[in-house]
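Asker: So here's upload15.txt (compact mmCIF, C-alpha atoms).
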# COMPACT_ATOMS: atom_id res chain seq x y z
CA MET A 121 17.97 -4.54 -97.54
CA ILE A 122 20.16 -7.55 -96.71
CA LYS A 123 20.70 -8.54 -93.09
CA LEU A 124 23.45 -11.04 -92.19
CA VAL A 125 22.82 -13.38 -89.26
CA PRO A 126 24.55 -16.47 -87.85
CA LEU A 127 23.49 -19.48 -89.87
CA GLN A 128 22.57 -21.38 -86.72
CA ASN A 129 19.72 -18.87 -86.24
CA VAL A 130 18.03 -20.01 -89.45
CA CYS A 131 15.77 -23.03 -89.90
CA ALA A 132 17.76 -25.98 -91.25
CA HIS A 133 14.95 -26.89 -93.67
CA ALA A 134 15.13 -23.42 -95.23
CA VAL A 135 18.90 -23.76 -95.62
CA GLU A 136 18.53 -27.15 -97.30
CA ALA A 137 15.86 -25.79 -99.67
CA LEU A 138 18.11 -22.87 -100.60
CA LEU A 139 21.07 -25.23 -101.25
CA ASP A 140 18.85 -27.41 -103.46
CA ALA A 141 17.69 -24.34 -105.39
CA ALA A 142 21.25 -23.07 -105.85
CA PHE A 143 23.06 -26.35 -106.59
CA GLY A 144 20.42 -29.01 -107.30
CA ALA A 145 19.14 -31.91 -105.23
CA ASP A 146 22.09 -34.07 -106.38
CA ARG A 147 24.61 -31.75 -104.67
CA HIS A 148 25.40 -34.32 -101.94
CA GLY A 149 27.48 -36.33 -104.42
CA ARG A 150 29.95 -33.48 -104.96
CA THR A 151 33.52 -33.84 -103.75
CA ALA A 152 33.19 -30.97 -101.25
CA TYR A 153 30.47 -32.91 -99.44
CA HIS A 154 32.77 -35.93 -99.18
CA VAL A 155 35.63 -33.80 -97.83
CA ARG A 156 33.58 -32.41 -94.96
CA ALA A 157 31.52 -35.56 -94.30
CA GLY A 158 30.86 -36.01 -90.59
CA ALA A 159 31.94 -32.49 -89.63
CA ALA A 160 29.65 -29.77 -88.32
CA ALA A 161 29.72 -26.28 -89.78
CA GLU A 162 31.80 -23.71 -87.87
CA PRO A 163 29.11 -21.57 -86.20
CA THR A 164 31.24 -18.43 -85.89
CA LEU A 165 32.06 -18.48 -89.62
CA SER A 166 28.75 -19.58 -91.15
CA PHE A 167 26.16 -16.96 -92.07
CA ALA A 168 22.79 -16.42 -93.70
CA ALA A 169 21.57 -13.44 -95.71
CA LEU A 170 17.98 -12.41 -95.11
CA ASP A 171 16.13 -9.88 -97.25
CA SER A 172 14.28 -7.53 -94.93
CA ASP A 173 12.32 -6.16 -97.89
CA GLU A 174 10.84 -9.65 -98.36
CA ALA A 175 9.77 -10.46 -94.77
CA HIS A 176 13.28 -11.63 -93.88
CA ARG A 177 13.31 -14.26 -96.61
CA LEU A 178 16.45 -16.42 -96.72
CA VAL A 179 18.29 -15.50 -99.94
CA ALA A 180 21.84 -16.80 -99.37
CA THR A 181 24.10 -18.76 -97.07
CA LEU A 182 27.80 -19.31 -96.53
CA GLN A 183 29.08 -22.24 -94.51
CA CYS A 184 32.59 -22.99 -93.26
CA TRP A 185 33.86 -26.38 -92.12
CA PRO A 186 36.76 -27.66 -90.01
CA VAL A 187 39.04 -29.74 -92.25
CA GLU A 188 42.66 -30.79 -92.22
CA LEU A 189 45.32 -31.67 -94.73
CA ARG A 190 47.08 -34.83 -93.61
CA CYS A 191 50.43 -34.56 -95.37
CA ASP A 192 52.12 -37.69 -96.65
CA ALA A 193 54.98 -36.96 -94.23
CA GLY A 194 52.51 -37.52 -91.36
CA ASP A 195 51.85 -34.00 -90.10
CA ALA A 196 48.31 -32.64 -90.04
CA HIS A 197 47.40 -29.03 -90.83
CA PRO A 198 44.04 -27.74 -89.58
CA MET A 199 42.22 -25.55 -92.07
CA THR A 200 38.80 -24.08 -92.66
CA MET A 201 36.91 -25.08 -95.79
CA VAL A 202 34.85 -22.19 -97.13
CA GLY A 203 31.63 -23.07 -98.89
CA PRO A 204 29.21 -23.59 -100.17
CA VAL A 205 28.33 -20.00 -100.89
CA ALA A 206 24.73 -20.42 -102.01
CA VAL A 207 22.52 -17.68 -103.41
CA LEU A 208 18.98 -18.10 -104.71
CA PRO A 209 19.15 -18.25 -108.52
CA GLY A 210 17.12 -15.08 -108.99
CA ARG A 211 19.47 -13.13 -106.71
CA GLN A 212 22.87 -14.38 -107.94
CA ARG A 213 23.96 -11.11 -109.54
CA ASP A 214 23.04 -8.92 -106.55
CA GLY A 215 26.42 -9.08 -104.75
CA ILE A 216 25.04 -11.09 -101.83
CA GLY A 217 27.63 -13.87 -102.12
CA ARG A 218 30.40 -11.29 -102.13
CA LEU A 219 28.87 -9.60 -99.07
CA LEU A 220 28.83 -12.96 -97.26
CA MET A 221 32.47 -13.64 -98.19
CA VAL A 222 33.63 -10.22 -96.96
CA HIS A 223 31.70 -10.70 -93.71
CA MET A 224 33.09 -14.22 -93.18
CA LEU A 225 36.67 -13.11 -93.87
CA ALA A 226 36.31 -10.31 -91.33
CA ALA A 227 34.92 -12.77 -88.77
CA ALA A 228 37.77 -15.20 -89.51
CA ARG A 229 40.33 -12.44 -89.11
CA GLU A 230 38.76 -11.37 -85.80
CA ALA A 231 38.82 -15.00 -84.57
CA GLY A 232 42.41 -15.52 -85.73
CA ALA A 233 41.20 -18.16 -88.19
CA ASP A 234 42.06 -16.49 -91.50
CA GLU A 235 45.54 -17.91 -92.15
CA ALA A 236 44.52 -21.37 -93.38
CA LEU A 237 41.41 -21.19 -95.56
CA MET A 238 40.57 -23.32 -98.58
CA LEU A 239 37.72 -23.79 -101.01
CA ILE A 240 36.71 -25.37 -104.27
CA GLY A 241 35.60 -22.64 -106.65
CA ASP A 242 36.23 -20.43 -109.63
CA PRO A 243 39.77 -19.04 -109.42
CA GLU A 244 38.86 -16.09 -111.63
CA TYR A 245 36.48 -14.89 -108.92
CA TYR A 246 37.99 -16.08 -105.64
CA GLU A 247 41.56 -15.10 -106.50
CA ARG A 248 40.66 -11.70 -107.90
CA PHE A 249 38.39 -10.60 -105.06
CA PHE A 250 39.57 -12.62 -102.06
CA GLY A 251 43.18 -13.74 -102.61
CA PHE A 252 42.63 -17.50 -102.93
CA SER A 253 44.96 -19.35 -105.31
CA ALA A 254 46.00 -22.83 -106.40
CA VAL A 255 49.71 -22.17 -105.80
CA ARG A 256 49.97 -24.50 -102.78
CA THR A 257 47.29 -27.07 -103.59
CA SER A 258 48.78 -29.12 -106.43
CA GLY A 259 49.70 -32.03 -104.14
CA TRP A 260 46.39 -32.18 -102.31
CA ARG A 261 44.19 -35.26 -102.80
CA LEU A 262 40.45 -35.23 -102.18
CA PRO A 263 37.88 -38.03 -101.84
CA GLY A 264 36.49 -37.40 -105.31
CA PRO A 265 37.25 -35.57 -108.51
CA VAL A 266 38.20 -31.92 -108.56
CA GLU A 267 39.68 -29.69 -111.23
CA PRO A 268 43.13 -28.79 -109.87
CA ARG A 269 42.74 -25.14 -110.86
CA ARG A 270 39.57 -24.91 -108.72
CA LEU A 271 41.24 -26.20 -105.52
CA LEU A 272 42.23 -22.94 -103.83
CA ALA A 273 43.85 -21.83 -100.57
CA ARG A 274 44.56 -18.59 -98.78
CA GLY A 275 46.70 -17.63 -95.79
CA ARG A 276 50.26 -18.11 -94.65
CA ASP A 277 49.41 -21.36 -92.81
CA ALA A 278 47.84 -23.07 -95.82
CA PRO A 279 50.14 -26.06 -96.30
CA ASP A 280 52.16 -26.72 -99.43
CA CYS A 281 52.58 -30.48 -99.20
CA ALA A 282 51.21 -33.60 -100.81
CA GLY A 283 48.45 -35.11 -98.71
CA VAL A 284 44.81 -35.94 -98.19
CA LEU A 285 42.17 -33.33 -97.37
CA ARG A 286 39.45 -34.51 -95.00
CA ALA A 287 37.10 -33.42 -92.23
CA ARG A 288 39.00 -32.55 -89.07
CA PRO A 289 38.71 -35.42 -86.58
CA GLY A 290 36.69 -34.49 -83.50
CA ALA A 291 34.99 -31.59 -85.26
CA THR A 292 31.51 -33.06 -85.02
CA ASP A 293 30.24 -31.29 -81.92
CA GLU A 294 26.47 -31.74 -82.05
CA ARG A 295 25.95 -28.23 -80.63
CA PHE A 296 27.04 -26.83 -83.98
CA THR A 297 24.74 -28.70 -86.34
CA LEU A 298 22.44 -26.72 -88.57
CA ALA A 299 19.38 -27.62 -86.54
CA GLY A 300 18.45 -24.01 -85.92
CA PRO A 301 15.02 -23.01 -84.76
CA SER A 302 12.04 -24.96 -86.01
CA PRO A 303 9.73 -23.31 -88.51
CA THR A 304 6.64 -21.84 -86.90
Here is a file; write its structure as structure tokens.
Answerer:
Amino acid sequence: MIKLVPLQNVCAHAVEALLDAAFGADRHGRTAYHVRAGAAAEPTLSFAALDSDEAHRLVATLQCWPVELRCDAGDAHPMTMVGPVAVLPGRQRDGIGRLLMVHMLAAAREAGADEALMLIGDPEYYERFFGFSAVRTSGWRLPGPVEPRRLLARGRDAPDCAGVLRARPGATDERFTLAGPSPT
């Protein structure tokens, strides 16, 4: 049975090991990492999936990050970057990533933070199941390469302007790092 908990309640080393297993140790060079560089994960929108049948083993995580689109006209639009959604390779067809997304979207809705979400991901999946699309993102520039069709947004406040996507200034509150409890 899968139990969802706040990500900040999970050991940071376990999270890093899971991310390495899901995406490879070279994942830090990806564009998404450059976008959110310097920001801390949003604690109310970042979750871990533990398998209670396996002594509460960490099997998946979902992190969300405070970002903004700084439009060329000068206005800034705060958004939340969804991802990575990481699932252990042996569990990737179990629906755990989908469970995390549904849970995060409900938490975002409850917090009033669901009208300006974005992610980099497969449109066939994220549009079909969660309503993300590339309709508004064609003018967005990121600090690294990205396939335009994979740059997705959701919500009425997701901006439709040309501009640069980056970590939201001031969103580096040390209380919200992934330090979590130490392993015992």
Asker: Excluding stretch 230-244 of chain A and any residue of its chain fewer than 3 positions from it, enumerate the residues within 9 Å of it, using only C-alpha atoms, and give them as a ChimeraX atom specification.
Answerer: /A:152,164,197-204,225-227,247-249,252-254,266-267,269-279
Asker: Counting all atoms listed in the file, which of A:Phe143, A:Tyr245, A:Trp185, A:Phe167 gets nearest to A:Arg286?
Answerer: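 Smallest distance to A:Arg286 is found for A:Trp185.
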Asker: Could you check the closest approach to A:Leu262 for each of A:Ser166, A:Asp195, A:Ala175, A:Arg150 and tell me which residue wins, using all atoms listed in the file?
Answerer: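 So, comparing all the options, the nearest one is A:Arg150.
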Asker: Show which residues sit within 10 Å of A:Gly264, as a list of chain:residue names. Count only C-alpha atoms, and ignore same-chain residues fewer than 4 positions away.
Answerer: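 With the cut-off at 10 Å, the set is A:Gly149, A:Arg150, A:Thr151, A:Ala152, A:Tyr153, A:His154, A:Val155.
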Asker: Show which residues sit within 12 Å of A:Asp173, as a PyMOL selection string. Count all atoms listed in the file, and ignore same-chain residues fewer than 5 positions away.
Answerer: chain A and resi 121-123+178-179
Asker: Please output stretch 141-152 of chain A, rebuilt to include all heavy atoms, as a PDB file, keeping the file's coordinate frame.
Answerer:
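The new file result_35.pdb reads:
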ATOM      1  N   ALA A 141      18.005 -25.304-104.337  1.00  0.00           N
ATOM      2  CA  ALA A 141      17.690 -24.340-105.390  1.00  0.00           C
ATOM      3  C   ALA A 141      18.961 -23.839-106.080  1.00  0.00           C
ATOM      4  O   ALA A 141      18.996 -23.661-107.298  1.00  0.00           O
ATOM      5  CB  ALA A 141      16.892 -23.168-104.835  1.00  0.00           C
ATOM      6  N   ALA A 142      20.009 -23.621-105.302  1.00  0.00           N
ATOM      7  CA  ALA A 142      21.250 -23.070-105.850  1.00  0.00           C
ATOM      8  C   ALA A 142      22.091 -24.112-106.577  1.00  0.00           C
ATOM      9  O   ALA A 142      22.711 -23.803-107.599  1.00  0.00           O
ATOM     10  CB  ALA A 142      22.073 -22.428-104.737  1.00  0.00           C
ATOM     11  N   PHE A 143      22.128 -25.346-106.062  1.00  0.00           N
ATOM     12  CA  PHE A 143      23.060 -26.350-106.590  1.00  0.00           C
ATOM     13  C   PHE A 143      22.393 -27.621-107.107  1.00  0.00           C
ATOM     14  O   PHE A 143      23.066 -28.466-107.682  1.00  0.00           O
ATOM     15  CB  PHE A 143      24.082 -26.743-105.513  1.00  0.00           C
ATOM     16  CG  PHE A 143      24.914 -25.591-105.051  1.00  0.00           C
ATOM     17  CD1 PHE A 143      24.807 -25.115-103.768  1.00  0.00           C
ATOM     18  CD2 PHE A 143      25.817 -24.974-105.904  1.00  0.00           C
ATOM     19  CE1 PHE A 143      25.576 -24.045-103.325  1.00  0.00           C
ATOM     20  CE2 PHE A 143      26.591 -23.910-105.485  1.00  0.00           C
ATOM     21  CZ  PHE A 143      26.471 -23.444-104.193  1.00  0.00           C
ATOM     22  N   GLY A 144      21.111 -27.803-106.862  1.00  0.00           N
ATOM     23  CA  GLY A 144      20.420 -29.010-107.300  1.00  0.00           C
ATOM     24  C   GLY A 144      20.355 -30.043-106.185  1.00  0.00           C
ATOM     25  O   GLY A 144      21.202 -30.071-105.281  1.00  0.00           O
ATOM     26  N   ALA A 145      19.359 -30.891-106.263  1.00  0.00           N
ATOM     27  CA  ALA A 145      19.140 -31.910-105.230  1.00  0.00           C
ATOM     28  C   ALA A 145      20.236 -32.970-105.232  1.00  0.00           C
ATOM     29  O   ALA A 145      20.407 -33.679-104.247  1.00  0.00           O
ATOM     30  CB  ALA A 145      17.771 -32.560-105.422  1.00  0.00           C
ATOM     31  N   ASP A 146      21.009 -33.070-106.307  1.00  0.00           N
ATOM     32  CA  ASP A 146      22.090 -34.070-106.380  1.00  0.00           C
ATOM     33  C   ASP A 146      23.412 -33.546-105.819  1.00  0.00           C
ATOM     34  O   ASP A 146      24.438 -34.191-105.923  1.00  0.00           O
ATOM     35  CB  ASP A 146      22.281 -34.517-107.822  1.00  0.00           C
ATOM     36  CG  ASP A 146      22.715 -33.382-108.747  1.00  0.00           C
ATOM     37  OD1 ASP A 146      22.569 -32.190-108.371  1.00  0.00           O
ATOM     38  OD2 ASP A 146      23.194 -33.688-109.853  1.00  0.00           O
ATOM     39  N   ARG A 147      23.389 -32.407-105.168  1.00  0.00           N
ATOM     40  CA  ARG A 147      24.610 -31.750-104.670  1.00  0.00           C
ATOM     41  C   ARG A 147      25.378 -32.599-103.674  1.00  0.00           C
ATOM     42  O   ARG A 147      26.585 -32.452-103.534  1.00  0.00           O
ATOM     43  CB  ARG A 147      24.253 -30.414-104.041  1.00  0.00           C
ATOM     44  CG  ARG A 147      23.350 -30.524-102.846  1.00  0.00           C
ATOM     45  CD  ARG A 147      22.836 -29.154-102.382  1.00  0.00           C
ATOM     46  NE  ARG A 147      21.674 -29.279-101.548  1.00  0.00           N
ATOM     47  CZ  ARG A 147      21.719 -29.529-100.245  1.00  0.00           C
ATOM     48  NH1 ARG A 147      22.869 -29.653 -99.631  1.00  0.00           N
ATOM     49  NH2 ARG A 147      20.602 -29.641 -99.559  1.00  0.00           N
ATOM     50  N   HIS A 148      24.734 -33.519-102.971  1.00  0.00           N
ATOM     51  CA  HIS A 148      25.400 -34.320-101.940  1.00  0.00           C
ATOM     52  C   HIS A 148      26.468 -35.254-102.514  1.00  0.00           C
ATOM     53  O   HIS A 148      27.310 -35.734-101.763  1.00  0.00           O
ATOM     54  CB  HIS A 148      24.364 -35.136-101.156  1.00  0.00           C
ATOM     55  CG  HIS A 148      23.422 -34.272-100.388  1.00  0.00           C
ATOM     56  ND1 HIS A 148      23.755 -33.668 -99.202  1.00  0.00           N
ATOM     57  CD2 HIS A 148      22.151 -33.875-100.669  1.00  0.00           C
ATOM     58  CE1 HIS A 148      22.742 -32.952 -98.769  1.00  0.00           C
ATOM     59  NE2 HIS A 148      21.752 -33.051 -99.641  1.00  0.00           N
ATOM     60  N   GLY A 149      26.464 -35.482-103.798  1.00  0.00           N
ATOM     61  CA  GLY A 149      27.480 -36.330-104.420  1.00  0.00           C
ATOM     62  C   GLY A 149      28.751 -35.578-104.790  1.00  0.00           C
ATOM     63  O   GLY A 149      29.735 -36.191-105.213  1.00  0.00           O
ATOM     64  N   ARG A 150      28.776 -34.285-104.602  1.00  0.00           N
ATOM     65  CA  ARG A 150      29.950 -33.480-104.960  1.00  0.00           C
ATOM     66  C   ARG A 150      31.114 -33.758-104.007  1.00  0.00           C
ATOM     67  O   ARG A 150      30.930 -34.084-102.840  1.00  0.00           O
ATOM     68  CB  ARG A 150      29.614 -31.998-104.927  1.00  0.00           C
ATOM     69  CG  ARG A 150      28.640 -31.595-106.008  1.00  0.00           C
ATOM     70  CD  ARG A 150      28.372 -30.113-105.933  1.00  0.00           C
ATOM     71  NE  ARG A 150      27.517 -29.710-107.037  1.00  0.00           N
ATOM     72  CZ  ARG A 150      27.446 -28.486-107.498  1.00  0.00           C
ATOM     73  NH1 ARG A 150      28.172 -27.519-106.957  1.00  0.00           N
ATOM     74  NH2 ARG A 150      26.643 -28.195-108.490  1.00  0.00           N
ATOM     75  N   THR A 151      32.302 -33.588-104.518  1.00  0.00           N
ATOM     76  CA  THR A 151      33.520 -33.840-103.750  1.00  0.00           C
ATOM     77  C   THR A 151      33.566 -33.046-102.459  1.00  0.00           C
ATOM     78  O   THR A 151      33.970 -33.566-101.421  1.00  0.00           O
ATOM     79  CB  THR A 151      34.751 -33.549-104.635  1.00  0.00           C
ATOM     80  OG1 THR A 151      34.722 -34.439-105.762  1.00  0.00           O
ATOM     81  CG2 THR A 151      36.036 -33.735-103.871  1.00  0.00           C
ATOM     82  N   ALA A 152      33.156 -31.794-102.470  1.00  0.00           N
ATOM     83  CA  ALA A 152      33.190 -30.970-101.250  1.00  0.00           C
ATOM     84  C   ALA A 152      32.388 -31.608-100.124  1.00  0.00           C
ATOM     85  O   ALA A 152      32.784 -31.537 -98.956  1.00  0.00           O
ATOM     86  CB  ALA A 152      32.685 -29.564-101.546  1.00  0.00           C
TER      87      ALA A 152
END
